[in-house]
>>> print(open('upload-v4.txt').read())   # compact mmCIF, C-alpha atoms
# COMPACT_ATOMS: atom_id res chain seq x y z
CA MET A 1 60.68 46.44 112.58
CA THR A 2 56.93 45.84 112.52
CA CYS A 3 54.09 48.32 112.71
CA PRO A 4 52.36 48.00 116.11
CA ALA A 5 48.89 48.92 114.89
CA PRO A 6 47.08 49.18 111.58
CA LEU A 7 47.10 52.50 109.78
CA ARG A 8 44.14 53.69 107.74
CA GLU A 9 46.38 53.85 104.63
CA ARG A 10 48.75 51.12 103.38
CA THR A 11 50.93 53.47 101.36
CA ILE A 12 52.23 56.96 102.02
CA GLN A 13 49.88 59.69 100.85
CA LEU A 14 50.73 63.37 100.35
CA ALA A 15 48.50 64.11 103.35
CA HIS A 16 50.87 62.14 105.61
CA GLY A 17 53.14 65.21 105.46
CA GLY A 18 50.41 67.79 105.93
CA GLY A 19 50.44 68.23 109.71
CA GLY A 20 46.99 66.72 110.18
CA ARG A 21 45.48 63.49 111.47
CA LEU A 22 47.30 61.22 109.01
CA MET A 23 50.67 62.69 109.94
CA ARG A 24 49.91 62.23 113.63
CA GLU A 25 49.00 58.59 112.96
CA LEU A 26 52.24 58.10 111.05
CA ILE A 27 54.26 59.45 113.98
CA GLU A 28 52.33 57.42 116.57
CA HIS A 29 52.33 54.10 114.69
CA VAL A 30 55.62 54.15 112.82
CA PHE A 31 58.18 56.59 114.23
CA LEU A 32 57.49 56.67 117.98
CA PRO A 33 57.56 52.84 118.36
CA ALA A 34 60.87 52.75 116.49
CA PHE A 35 62.61 55.75 118.03
CA ASP A 36 60.81 56.36 121.32
CA SER A 37 62.79 58.29 123.93
CA ALA A 38 61.99 60.67 126.75
CA PRO A 39 62.75 63.84 124.74
CA LEU A 40 60.84 62.56 121.68
CA SER A 41 57.80 61.62 123.77
CA THR A 42 57.32 65.27 124.79
CA ARG A 43 56.10 65.87 121.20
CA HIS A 44 57.52 69.37 121.18
CA ASP A 45 58.93 71.36 118.28
CA GLY A 46 62.41 70.39 119.47
CA ALA A 47 64.05 68.04 121.97
CA VAL A 48 65.53 69.49 125.15
CA VAL A 49 68.46 67.42 126.43
CA ARG A 50 71.10 67.82 129.14
CA LEU A 51 74.71 67.87 127.97
CA GLY A 52 77.69 68.87 130.09
CA GLY A 53 75.46 70.54 132.65
CA ALA A 54 73.63 72.68 130.10
CA SER A 55 70.12 72.32 128.67
CA LEU A 56 70.32 72.18 124.90
CA ALA A 57 67.46 72.29 122.42
CA PHE A 58 67.90 70.30 119.22
CA THR A 59 65.58 70.26 116.22
CA THR A 60 65.47 69.48 112.50
CA ASP A 61 63.08 70.16 109.64
CA THR A 62 62.98 69.71 105.88
CA TYR A 63 61.66 72.29 103.43
CA VAL A 64 60.01 71.35 100.16
CA VAL A 65 58.00 74.48 99.34
CA HIS A 66 56.83 75.01 95.77
CA PRO A 67 57.40 77.52 94.27
CA ARG A 68 60.81 78.23 95.79
CA PHE A 69 60.28 82.02 95.64
CA PHE A 70 57.06 83.55 96.93
CA PRO A 71 55.88 87.00 98.12
CA GLY A 72 57.74 87.71 101.37
CA GLY A 73 60.33 84.96 101.16
CA ASP A 74 61.97 81.95 99.55
CA ILE A 75 62.84 78.37 100.49
CA GLY A 76 66.23 79.41 101.90
CA LYS A 77 64.87 82.08 104.21
CA LEU A 78 62.07 79.73 105.22
CA SER A 79 64.51 76.94 106.12
CA VAL A 80 66.50 79.18 108.48
CA TYR A 81 63.55 80.91 110.12
CA GLY A 82 61.63 77.64 110.45
CA THR A 83 64.36 75.90 112.42
CA VAL A 84 65.14 78.99 114.50
CA ASN A 85 61.44 79.23 115.33
CA ASP A 86 61.25 75.57 116.38
CA LEU A 87 64.16 76.15 118.77
CA ALA A 88 62.53 79.30 120.12
CA MET A 89 59.32 77.34 120.87
CA THR A 90 61.26 75.31 123.45
CA GLY A 91 62.44 78.51 125.13
CA ALA A 92 65.95 78.15 123.66
CA ARG A 93 68.26 80.84 122.36
CA PRO A 94 69.17 79.53 118.87
CA ALA A 95 72.94 79.31 118.23
CA TYR A 96 74.03 76.99 115.39
CA LEU A 97 72.46 75.51 112.26
CA SER A 98 73.33 72.84 109.72
CA ALA A 99 72.02 72.72 106.15
CA GLY A 100 71.59 69.74 103.85
CA PHE A 101 70.76 70.32 100.17
CA ILE A 102 69.18 67.79 97.82
CA VAL A 103 69.57 69.40 94.42
CA GLU A 104 68.05 68.15 91.21
CA GLU A 105 70.25 68.03 88.11
CA GLY A 106 69.48 71.07 85.95
CA LEU A 107 68.77 73.58 88.71
CA PRO A 108 70.36 76.90 87.68
CA ILE A 109 73.46 77.57 89.80
CA GLY A 110 72.50 81.24 89.94
CA GLU A 111 69.24 80.30 91.64
CA LEU A 112 71.01 78.11 94.17
CA GLN A 113 73.43 80.96 94.86
CA GLN A 114 70.55 83.36 95.42
CA ILE A 115 68.96 80.96 97.90
CA ALA A 116 72.27 80.43 99.73
CA LEU A 117 72.72 84.19 100.11
CA SER A 118 69.16 84.47 101.39
CA MET A 119 69.95 81.82 104.01
CA ARG A 120 73.04 83.73 105.07
CA ALA A 121 71.07 86.97 105.45
CA ALA A 122 68.37 85.17 107.46
CA ALA A 123 70.98 83.57 109.74
CA ASP A 124 72.63 86.95 110.32
CA ALA A 125 69.24 88.45 111.18
CA CYS A 126 68.69 85.71 113.77
CA GLY A 127 72.20 85.89 115.23
CA VAL A 128 72.91 82.25 114.40
CA GLU A 129 75.76 80.61 112.50
CA LEU A 130 75.41 77.99 109.79
CA VAL A 131 78.38 75.78 110.69
CA THR A 132 78.08 72.53 108.73
CA GLY A 133 76.23 71.08 105.78
CA ASP A 134 75.93 68.54 103.01
CA THR A 135 74.98 68.48 99.32
CA LYS A 136 73.54 65.67 97.21
CA VAL A 137 72.58 65.91 93.54
CA VAL A 138 69.83 63.62 92.20
CA ASP A 139 68.91 62.73 88.64
CA ARG A 140 66.85 65.14 86.59
CA GLY A 141 63.15 64.60 87.31
CA LYS A 142 63.70 63.01 90.73
CA GLY A 143 64.04 65.98 93.06
CA ASP A 144 61.58 68.76 92.24
CA GLY A 145 64.46 71.22 91.99
CA LEU A 146 65.63 71.68 95.54
CA PHE A 147 64.90 70.33 99.01
CA ILE A 148 66.65 71.79 102.07
CA ASN A 149 67.04 70.20 105.51
CA THR A 150 68.16 72.38 108.40
CA ALA A 151 68.95 71.30 111.94
CA GLY A 152 69.60 73.63 114.84
CA ILE A 153 71.00 73.77 118.35
CA GLY A 154 70.19 76.34 121.01
CA VAL A 155 70.68 76.86 124.73
CA VAL A 156 67.71 76.77 127.09
CA PRO A 157 68.13 79.18 130.04
CA GLU A 158 68.18 77.55 133.47
CA GLY A 159 64.73 77.22 135.00
CA VAL A 160 62.88 77.57 131.70
CA VAL A 161 60.54 74.63 131.02
CA ILE A 162 58.17 75.11 128.10
CA ALA A 163 56.31 72.00 126.98
CA PRO A 164 52.82 70.78 126.00
CA ARG A 165 52.45 68.84 129.26
CA ARG A 166 52.50 72.12 131.22
CA VAL A 167 49.31 73.45 129.58
CA ARG A 168 46.45 73.32 132.10
CA PRO A 169 42.89 74.56 132.73
CA GLY A 170 42.87 78.28 133.38
CA ASP A 171 45.50 79.08 130.75
CA ALA A 172 44.83 81.77 128.18
CA VAL A 173 45.65 81.21 124.50
CA LEU A 174 47.44 84.07 122.75
CA VAL A 175 48.50 84.47 119.12
CA SER A 176 51.17 86.97 118.07
CA GLY A 177 49.45 88.22 114.90
CA ASP A 178 47.12 87.50 112.02
CA VAL A 179 47.00 83.95 110.70
CA GLY A 180 46.91 82.29 107.29
CA ARG A 181 49.11 84.62 105.25
CA HIS A 182 51.93 82.24 104.33
CA GLY A 183 49.72 79.57 102.79
CA ILE A 184 47.74 82.07 100.72
CA ALA A 185 50.92 83.87 99.58
CA VAL A 186 52.42 80.59 98.31
CA LEU A 187 49.18 79.53 96.67
CA SER A 188 48.82 82.87 94.86
CA VAL A 189 52.16 82.35 93.08
CA ARG A 190 51.77 78.63 92.50
CA GLU A 191 48.38 78.97 90.87
CA ALA A 192 49.00 82.44 89.32
CA LEU A 193 46.06 83.89 91.25
CA ALA A 194 45.64 87.69 91.27
CA PHE A 195 43.80 88.80 94.39
CA GLU A 196 42.45 92.34 94.74
CA GLU A 197 45.00 92.90 97.52
CA PRO A 198 48.35 91.04 97.21
CA VAL A 199 49.08 88.74 100.14
CA GLU A 200 52.65 88.53 101.44
CA SER A 201 53.93 85.68 103.60
CA ASP A 202 54.50 86.38 107.29
CA CYS A 203 57.80 84.42 107.04
CA ALA A 204 59.92 85.76 109.95
CA PRO A 205 61.88 84.68 113.05
CA VAL A 206 59.83 84.68 116.26
CA GLN A 207 62.68 84.16 118.71
CA GLY A 208 62.41 87.80 119.80
CA LEU A 209 58.75 87.33 120.67
CA ALA A 210 59.48 84.20 122.69
CA ALA A 211 62.33 85.94 124.49
CA ALA A 212 60.10 88.93 125.27
CA LEU A 213 57.76 86.64 127.22
CA ILE A 214 60.47 84.57 128.89
CA ASP A 215 62.74 87.47 129.84
CA ALA A 216 59.82 89.37 131.35
CA GLY A 217 59.28 86.46 133.74
CA PHE A 218 55.90 85.25 132.50
CA ASP A 219 55.05 81.66 133.45
CA VAL A 220 54.90 80.50 129.83
CA HIS A 221 53.56 76.94 129.82
CA CYS A 222 53.91 76.24 126.10
CA LEU A 223 54.77 77.91 122.80
CA ARG A 224 54.09 76.62 119.32
CA ASP A 225 54.42 78.12 115.82
CA PRO A 226 51.41 77.37 113.61
CA THR A 227 53.02 76.07 110.42
CA ARG A 228 51.57 73.01 108.64
CA GLY A 229 47.88 72.67 109.50
CA GLY A 230 47.77 76.25 110.75
CA LEU A 231 46.31 77.47 114.03
CA ALA A 232 43.70 74.69 114.17
CA ALA A 233 46.38 71.96 114.03
CA VAL A 234 48.38 73.59 116.84
CA LEU A 235 45.34 73.84 119.09
CA ASN A 236 44.47 70.20 118.44
CA GLU A 237 48.03 68.99 119.03
CA ILE A 238 48.24 70.80 122.36
CA ALA A 239 44.76 69.66 123.38
CA LEU A 240 45.63 66.02 122.65
CA ASP A 241 49.13 66.07 124.14
CA ALA A 242 48.08 67.94 127.30
CA GLY A 243 44.70 66.20 127.65
CA VAL A 244 42.75 69.45 127.86
CA HIS A 245 39.71 71.09 126.32
CA VAL A 246 40.41 74.28 124.37
CA GLU A 247 37.83 76.91 123.51
CA VAL A 248 38.61 79.74 121.07
CA GLU A 249 36.55 82.66 119.82
CA GLU A 250 36.35 83.28 116.08
CA ALA A 251 35.83 87.03 116.53
CA GLN A 252 39.10 87.34 118.45
CA ILE A 253 41.30 85.48 115.94
CA PRO A 254 43.07 88.04 113.70
CA VAL A 255 42.83 87.34 109.97
CA GLU A 256 43.75 89.95 107.35
CA PRO A 257 40.78 90.92 105.12
CA ALA A 258 42.76 89.95 102.00
CA VAL A 259 43.44 86.48 103.42
CA LEU A 260 39.84 86.10 104.50
CA GLY A 261 38.62 87.12 101.04
CA ALA A 262 41.00 84.71 99.31
CA CYS A 263 39.92 81.88 101.60
CA GLU A 264 36.24 82.56 100.97
CA LEU A 265 36.90 82.59 97.22
CA LEU A 266 38.85 79.32 97.32
CA GLY A 267 36.74 77.52 99.90
CA LEU A 268 39.53 77.38 102.50
CA ASP A 269 39.35 77.87 106.25
CA PRO A 270 42.05 80.38 107.29
CA LEU A 271 42.40 78.65 110.67
CA TYR A 272 43.93 75.67 108.83
CA VAL A 273 46.25 77.71 106.58
CA ALA A 274 49.95 77.80 107.54
CA CYS A 275 51.82 80.73 109.07
CA GLU A 276 55.63 81.09 109.14
CA GLY A 277 56.12 84.03 111.49
CA ARG A 278 53.63 83.62 114.29
CA LEU A 279 53.60 81.98 117.71
CA VAL A 280 50.81 80.67 119.92
CA ALA A 281 51.39 81.04 123.66
CA PHE A 282 49.71 79.29 126.58
CA LEU A 283 50.09 80.98 129.97
CA PRO A 284 48.01 81.76 133.09
CA GLU A 285 44.94 83.90 132.43
CA ALA A 286 46.01 86.44 135.07
CA GLN A 287 49.12 87.28 133.03
CA THR A 288 47.25 87.85 129.76
CA GLU A 289 47.15 91.63 129.52
CA ARG A 290 50.78 92.15 130.49
CA ALA A 291 51.89 89.38 128.13
CA LEU A 292 49.94 90.93 125.27
CA ALA A 293 51.60 94.28 126.01
CA SER A 294 55.03 92.63 125.84
CA LEU A 295 54.21 90.97 122.52
CA ARG A 296 52.80 94.19 121.05
CA ASP A 297 55.97 96.08 121.97
CA HIS A 298 57.83 93.86 119.45
CA PRO A 299 57.57 94.78 115.73
CA LEU A 300 56.36 91.26 114.87
CA GLY A 301 53.79 91.15 117.66
CA ARG A 302 51.76 94.30 117.10
CA GLY A 303 48.72 92.25 116.10
CA ALA A 304 48.84 89.99 119.17
CA ALA A 305 45.50 88.90 120.56
CA ARG A 306 43.98 86.67 123.21
CA ILE A 307 41.92 84.16 121.25
CA GLY A 308 40.71 81.67 123.84
CA ARG A 309 41.40 79.61 126.93
CA ILE A 310 41.81 76.16 128.35
CA VAL A 311 38.44 75.40 129.93
CA GLY A 312 39.09 72.00 131.50
CA ASP A 313 40.66 68.60 131.36
CA GLY A 314 39.38 66.44 128.56
CA LYS A 315 40.16 64.14 125.70
CA GLY A 316 41.85 66.74 123.57
CA SER A 317 38.97 68.63 122.04
CA VAL A 318 38.91 72.11 120.48
CA VAL A 319 35.71 74.13 120.14
CA LEU A 320 35.28 77.36 118.18
CA ARG A 321 32.68 79.89 119.31
CA THR A 322 31.59 81.46 116.04
CA ARG A 323 30.65 85.08 115.39
CA LEU A 324 27.02 83.96 115.31
CA GLY A 325 27.28 82.62 118.84
CA THR A 326 27.18 78.97 117.81
CA ARG A 327 29.82 76.38 118.69
CA ARG A 328 31.54 73.96 116.36
CA THR A 329 34.28 71.43 116.82
CA LEU A 330 37.60 72.51 115.31
CA ASP A 331 38.96 69.08 114.40
CA LEU A 332 42.21 67.93 112.83
CA LEU A 333 42.01 67.58 109.06
CA SER A 334 43.37 64.37 107.54
CA GLY A 335 46.14 66.36 105.88
CA GLU A 336 46.83 69.91 104.80
CA GLN A 337 44.49 72.03 102.66
CA LEU A 338 47.48 73.11 100.57
CA PRO A 339 50.41 70.80 99.75
CA ARG A 340 54.05 71.87 99.86
CA ILE A 341 53.84 75.22 101.57
CA CYS A 342 56.76 74.85 103.98
>>> encode(input="upload-v4.txt", output="structure tokens")
Amino acid sequence: MTCPAPLRERTIQLAHGGGGRLMRELIEHVFLPAFDSAPLSTRHDGAVVRLGGASLAFTTDTYVVHPRFFPGGDIGKLSVYGTVNDLAMTGARPAYLSAGFIVEEGLPIGELQQIALSMRAAADACGVELVTGDTKVVDRGKGDGLFINTAGIGVVPEGVVIAPRRVRPGDAVLVSGDVGRHGIAVLSVREALAFEEPVESDCAPVQGLAAALIDAGFDVHCLRDPTRGGLAAVLNEIALDAGVHVEVEEAQIPVEPAVLGACELLGLDPLYVACEGRLVAFLPEAQTERALASLRDHPLGRGAARIGRIVGDGKGSVVLRTRLGTRRTLDLLSGEQLPRIC
């Protein structure tokens, strides 16, 4: 196999896994040429395939968060909710999961047991079954404790098509709650930072929020959960994949004061900080108010807000209208502001 185009880096950098521009380049220049297929080319959170007359959604993700326990969650809970959320973003009803564990020699068995029980509780909360798995143990010093891969399968209801290509001018952009909490919660533990107000991760399953929109009959064009790269990365990915121009309003984007204060202190932009229990929805402007009401009826969607709109076809640009009335481009970062947060 040969690389079809030069990359800006000759070796893998940590930023290649950060959900930003370098990761997109890696996918476009290395993985898509090697594995290209119709489902993969949709660039969605999961592939939707036909099998035996049914539409199935299939997805996989690997979790390398450090530290493994953080306010509001742990790597086990994160690995279940993350894969369930990716399935939900395709409109699927999640059903079955697999789990692969890469365990470093020396990890306390009690800790692994605690994480396994957390995964079981998370799966029960989502109504999914963990039905197969694998375990590998690597030499001490070669695994950073524990990595978890989860894959999931779900069923997409007939007639439901949710994909980036369906986003079009005239769509509103909704977010289900405040952004940036997960990244700041992980950072606070990793760096032993004591903020005036503790920040807890938003780690949660969003399948109920997605179902609330789909079951109510809204014409949902696309859904995406803002994990690595945060809200800004999601907006850029959709803008590029759909070929549209997105405009969002800073004053309408919900950010908790504690997260905002921590970001100001650390020099971070909360729009680029990961969430693990939020969704971004793209649907016709005329359906905005009713869709917001449906999201707010759900316990995880009480902070839902309309944050912007698709203003036209374009080359995949995102513009932020600031509180001061100015406009600035919200571009993709090269990588992630914070490494290993999901």
>>> atom_distance(input="upload-v4.txt", atom1="CA of Val175 in chain A", atom2="CA of Pro254 in chain A")
8.5 Å
>>> closest_residue(input="upload-v4.txt", among="A:Leu324, A:Leu333, A:Ile162, A:Leu231", to="His44 in chain A", atoms="only C-alpha atoms")
A:Ile162
>>> closest_residue(input="upload-v4.txt", among="A:Leu240, A:Val30, A:Leu87, A:Val246", to="Gly170 in chain A", atoms="all atoms listed in the file")
A:Val246
>>> residues_near_point(input="upload-v4.txt", point="(59.5, 87.3, 116.2)", cutoff="12 Å", atoms="all atoms listed in the file", output="ChimeraX atom specification")
/A:81-82,84-86,88-89,125-126,175-177,202-213,225,276-280,294-304
>>> closest_residue(input="upload-v4.txt", among="A:Leu32, A:Ile214, A:Leu78, A:Leu7", to="Ser201 in chain A", atoms="all atoms listed in the file")
A:Leu78
>>> atom_distance(input="upload-v4.txt", atom1="CA of His16 in chain A", atom2="CA of Ala233 in chain A")
13.7 Å
>>> atom_distance(input="upload-v4.txt", atom1="CA of Glu158 in chain A", atom2="CA of Gln287 in chain A")
21.4 Å
>>> closest_residue(input="upload-v4.txt", among="A:Lys142, A:Ser98, A:Gly316, A:Leu14", to="Glu129 in chain A", atoms="all atoms listed in the file")
A:Ser98
>>> residues_near_point(input="upload-v4.txt", point="(47.8, 67.1, 107.2)", cutoff="9 Å", atoms="only C-alpha atoms", output="ChimeraX atom specification")
/A:14-24,228-229,233,332-339
>>> write_last_selection(input="upload-v4.txt", atoms="C-alpha atoms", output="PDB file, keeping the file's coordinate frame")
ATOM      1  CA  LEU A  14      50.730  63.370 100.350  1.00  0.00           C
ATOM      2  CA  ALA A  15      48.500  64.110 103.350  1.00  0.00           C
ATOM      3  CA  HIS A  16      50.870  62.140 105.610  1.00  0.00           C
ATOM      4  CA  GLY A  17      53.140  65.210 105.460  1.00  0.00           C
ATOM      5  CA  GLY A  18      50.410  67.790 105.930  1.00  0.00           C
ATOM      6  CA  GLY A  19      50.440  68.230 109.710  1.00  0.00           C
ATOM      7  CA  GLY A  20      46.990  66.720 110.180  1.00  0.00           C
ATOM      8  CA  ARG A  21      45.480  63.490 111.470  1.00  0.00           C
ATOM      9  CA  LEU A  22      47.300  61.220 109.010  1.00  0.00           C
ATOM     10  CA  MET A  23      50.670  62.690 109.940  1.00  0.00           C
ATOM     11  CA  ARG A  24      49.910  62.230 113.630  1.00  0.00           C
ATOM     12  CA  ARG A 228      51.570  73.010 108.640  1.00  0.00           C
ATOM     13  CA  GLY A 229      47.880  72.670 109.500  1.00  0.00           C
ATOM     14  CA  ALA A 233      46.380  71.960 114.030  1.00  0.00           C
ATOM     15  CA  LEU A 332      42.210  67.930 112.830  1.00  0.00           C
ATOM     16  CA  LEU A 333      42.010  67.580 109.060  1.00  0.00           C
ATOM     17  CA  SER A 334      43.370  64.370 107.540  1.00  0.00           C
ATOM     18  CA  GLY A 335      46.140  66.360 105.880  1.00  0.00           C
ATOM     19  CA  GLU A 336      46.830  69.910 104.800  1.00  0.00           C
ATOM     20  CA  GLN A 337      44.490  72.030 102.660  1.00  0.00           C
ATOM     21  CA  LEU A 338      47.480  73.110 100.570  1.00  0.00           C
ATOM     22  CA  PRO A 339      50.410  70.800  99.750  1.00  0.00           C
TER      23      PRO A 339
END
>>> closest_residue(input="upload-v4.txt", among="A:Gly110, A:Gly46, A:Pro226, A:Pro169", to="Val155 in chain A", atoms="all atoms listed in the file")
A:Gly46
>>> closest_residue(input="upload-v4.txt", among="A:Phe35, A:Pro157, A:Phe147, A:Val311", to="Val64 in chain A", atoms="all atoms listed in the file")
A:Phe147
>>> residues_around(input="upload-v4.txt", residues="Asp171 in chain A", least_positions_apart="2", cutoff="7 Å", atoms="only C-alpha atoms", output="ChimeraX atom specification")
/A:167-169,173,282-285,309-310
>>> closest_atom_pairs(input="upload-v4.txt", of="range 15-96 of chain A", to="range 181-200 of chain A", cutoff="10 Å", atoms="all atoms listed in the file", output="CSV")
residue,atom,partner,partner_atom,distance
A:Val65,CA,A:Val186,CA,8.3
A:His66,CA,A:Arg190,CA,7.0
A:Pro67,CA,A:Arg190,CA,6.0
A:Arg68,CA,A:Val186,CA,9.1
A:Phe69,CA,A:Val186,CA,8.4
A:Phe70,CA,A:Val186,CA,5.7
A:Pro71,CA,A:Glu200,CA,4.9
A:Gly72,CA,A:Glu200,CA,5.2
A:Gly73,CA,A:Glu200,CA,8.5
A:Asp74,CA,A:Val186,CA,9.7
>>> build_atoms(input="upload-v4.txt", residues="range 258-274 of chain A", atoms="N, CA and C atoms", output="PDB file, keeping the file's coordinate frame")
ATOM      1  N   ALA A 258      42.358  90.534 103.290  1.00  0.00           N
ATOM      2  CA  ALA A 258      42.760  89.950 102.000  1.00  0.00           C
ATOM      3  C   ALA A 258      42.854  88.434 102.094  1.00  0.00           C
ATOM      4  N   VAL A 259      43.352  87.933 103.220  1.00  0.00           N
ATOM      5  CA  VAL A 259      43.440  86.480 103.420  1.00  0.00           C
ATOM      6  C   VAL A 259      42.046  85.891 103.561  1.00  0.00           C
ATOM      7  N   LEU A 260      41.198  86.577 104.308  1.00  0.00           N
ATOM      8  CA  LEU A 260      39.840  86.100 104.500  1.00  0.00           C
ATOM      9  C   LEU A 260      39.100  86.040 103.155  1.00  0.00           C
ATOM     10  N   GLY A 261      39.273  87.100 102.339  1.00  0.00           N
ATOM     11  CA  GLY A 261      38.620  87.120 101.040  1.00  0.00           C
ATOM     12  C   GLY A 261      39.112  86.005 100.138  1.00  0.00           C
ATOM     13  N   ALA A 262      40.440  85.774 100.139  1.00  0.00           N
ATOM     14  CA  ALA A 262      41.000  84.710  99.310  1.00  0.00           C
ATOM     15  C   ALA A 262      40.485  83.346  99.767  1.00  0.00           C
ATOM     16  N   CYS A 263      40.402  83.160 101.074  1.00  0.00           N
ATOM     17  CA  CYS A 263      39.920  81.880 101.600  1.00  0.00           C
ATOM     18  C   CYS A 263      38.460  81.654 101.232  1.00  0.00           C
ATOM     19  N   GLU A 264      37.663  82.706 101.326  1.00  0.00           N
ATOM     20  CA  GLU A 264      36.240  82.560 100.970  1.00  0.00           C
ATOM     21  C   GLU A 264      36.105  82.225  99.489  1.00  0.00           C
ATOM     22  N   LEU A 265      36.953  82.842  98.659  1.00  0.00           N
ATOM     23  CA  LEU A 265      36.900  82.590  97.220  1.00  0.00           C
ATOM     24  C   LEU A 265      37.299  81.160  96.887  1.00  0.00           C
ATOM     25  N   LEU A 266      38.286  80.635  97.625  1.00  0.00           N
ATOM     26  CA  LEU A 266      38.850  79.320  97.320  1.00  0.00           C
ATOM     27  C   LEU A 266      38.239  78.195  98.150  1.00  0.00           C
ATOM     28  N   GLY A 267      37.353  78.540  99.064  1.00  0.00           N
ATOM     29  CA  GLY A 267      36.740  77.520  99.900  1.00  0.00           C
ATOM     30  C   GLY A 267      37.673  76.962 100.957  1.00  0.00           C
ATOM     31  N   LEU A 268      38.581  77.804 101.459  1.00  0.00           N
ATOM     32  CA  LEU A 268      39.530  77.380 102.500  1.00  0.00           C
ATOM     33  C   LEU A 268      39.151  77.986 103.833  1.00  0.00           C
ATOM     34  N   ASP A 269      39.541  77.331 104.904  1.00  0.00           N
ATOM     35  CA  ASP A 269      39.350  77.870 106.250  1.00  0.00           C
ATOM     36  C   ASP A 269      40.688  78.453 106.696  1.00  0.00           C
ATOM     37  N   PRO A 270      40.760  79.778 106.943  1.00  0.00           N
ATOM     38  CA  PRO A 270      42.050  80.380 107.290  1.00  0.00           C
ATOM     39  C   PRO A 270      42.667  79.821 108.567  1.00  0.00           C
ATOM     40  N   LEU A 271      41.855  79.205 109.428  1.00  0.00           N
ATOM     41  CA  LEU A 271      42.400  78.650 110.670  1.00  0.00           C
ATOM     42  C   LEU A 271      43.256  77.414 110.405  1.00  0.00           C
ATOM     43  N   TYR A 272      43.138  76.841 109.196  1.00  0.00           N
ATOM     44  CA  TYR A 272      43.930  75.670 108.830  1.00  0.00           C
ATOM     45  C   TYR A 272      45.062  76.014 107.856  1.00  0.00           C
ATOM     46  N   VAL A 273      45.225  77.291 107.542  1.00  0.00           N
ATOM     47  CA  VAL A 273      46.250  77.710 106.580  1.00  0.00           C
ATOM     48  C   VAL A 273      47.530  78.097 107.334  1.00  0.00           C
ATOM     49  N   ALA A 274      48.672  77.664 106.828  1.00  0.00           N
ATOM     50  CA  ALA A 274      49.950  77.800 107.540  1.00  0.00           C
ATOM     51  C   ALA A 274      50.402  79.251 107.700  1.00  0.00           C
TER      52      ALA A 274
END
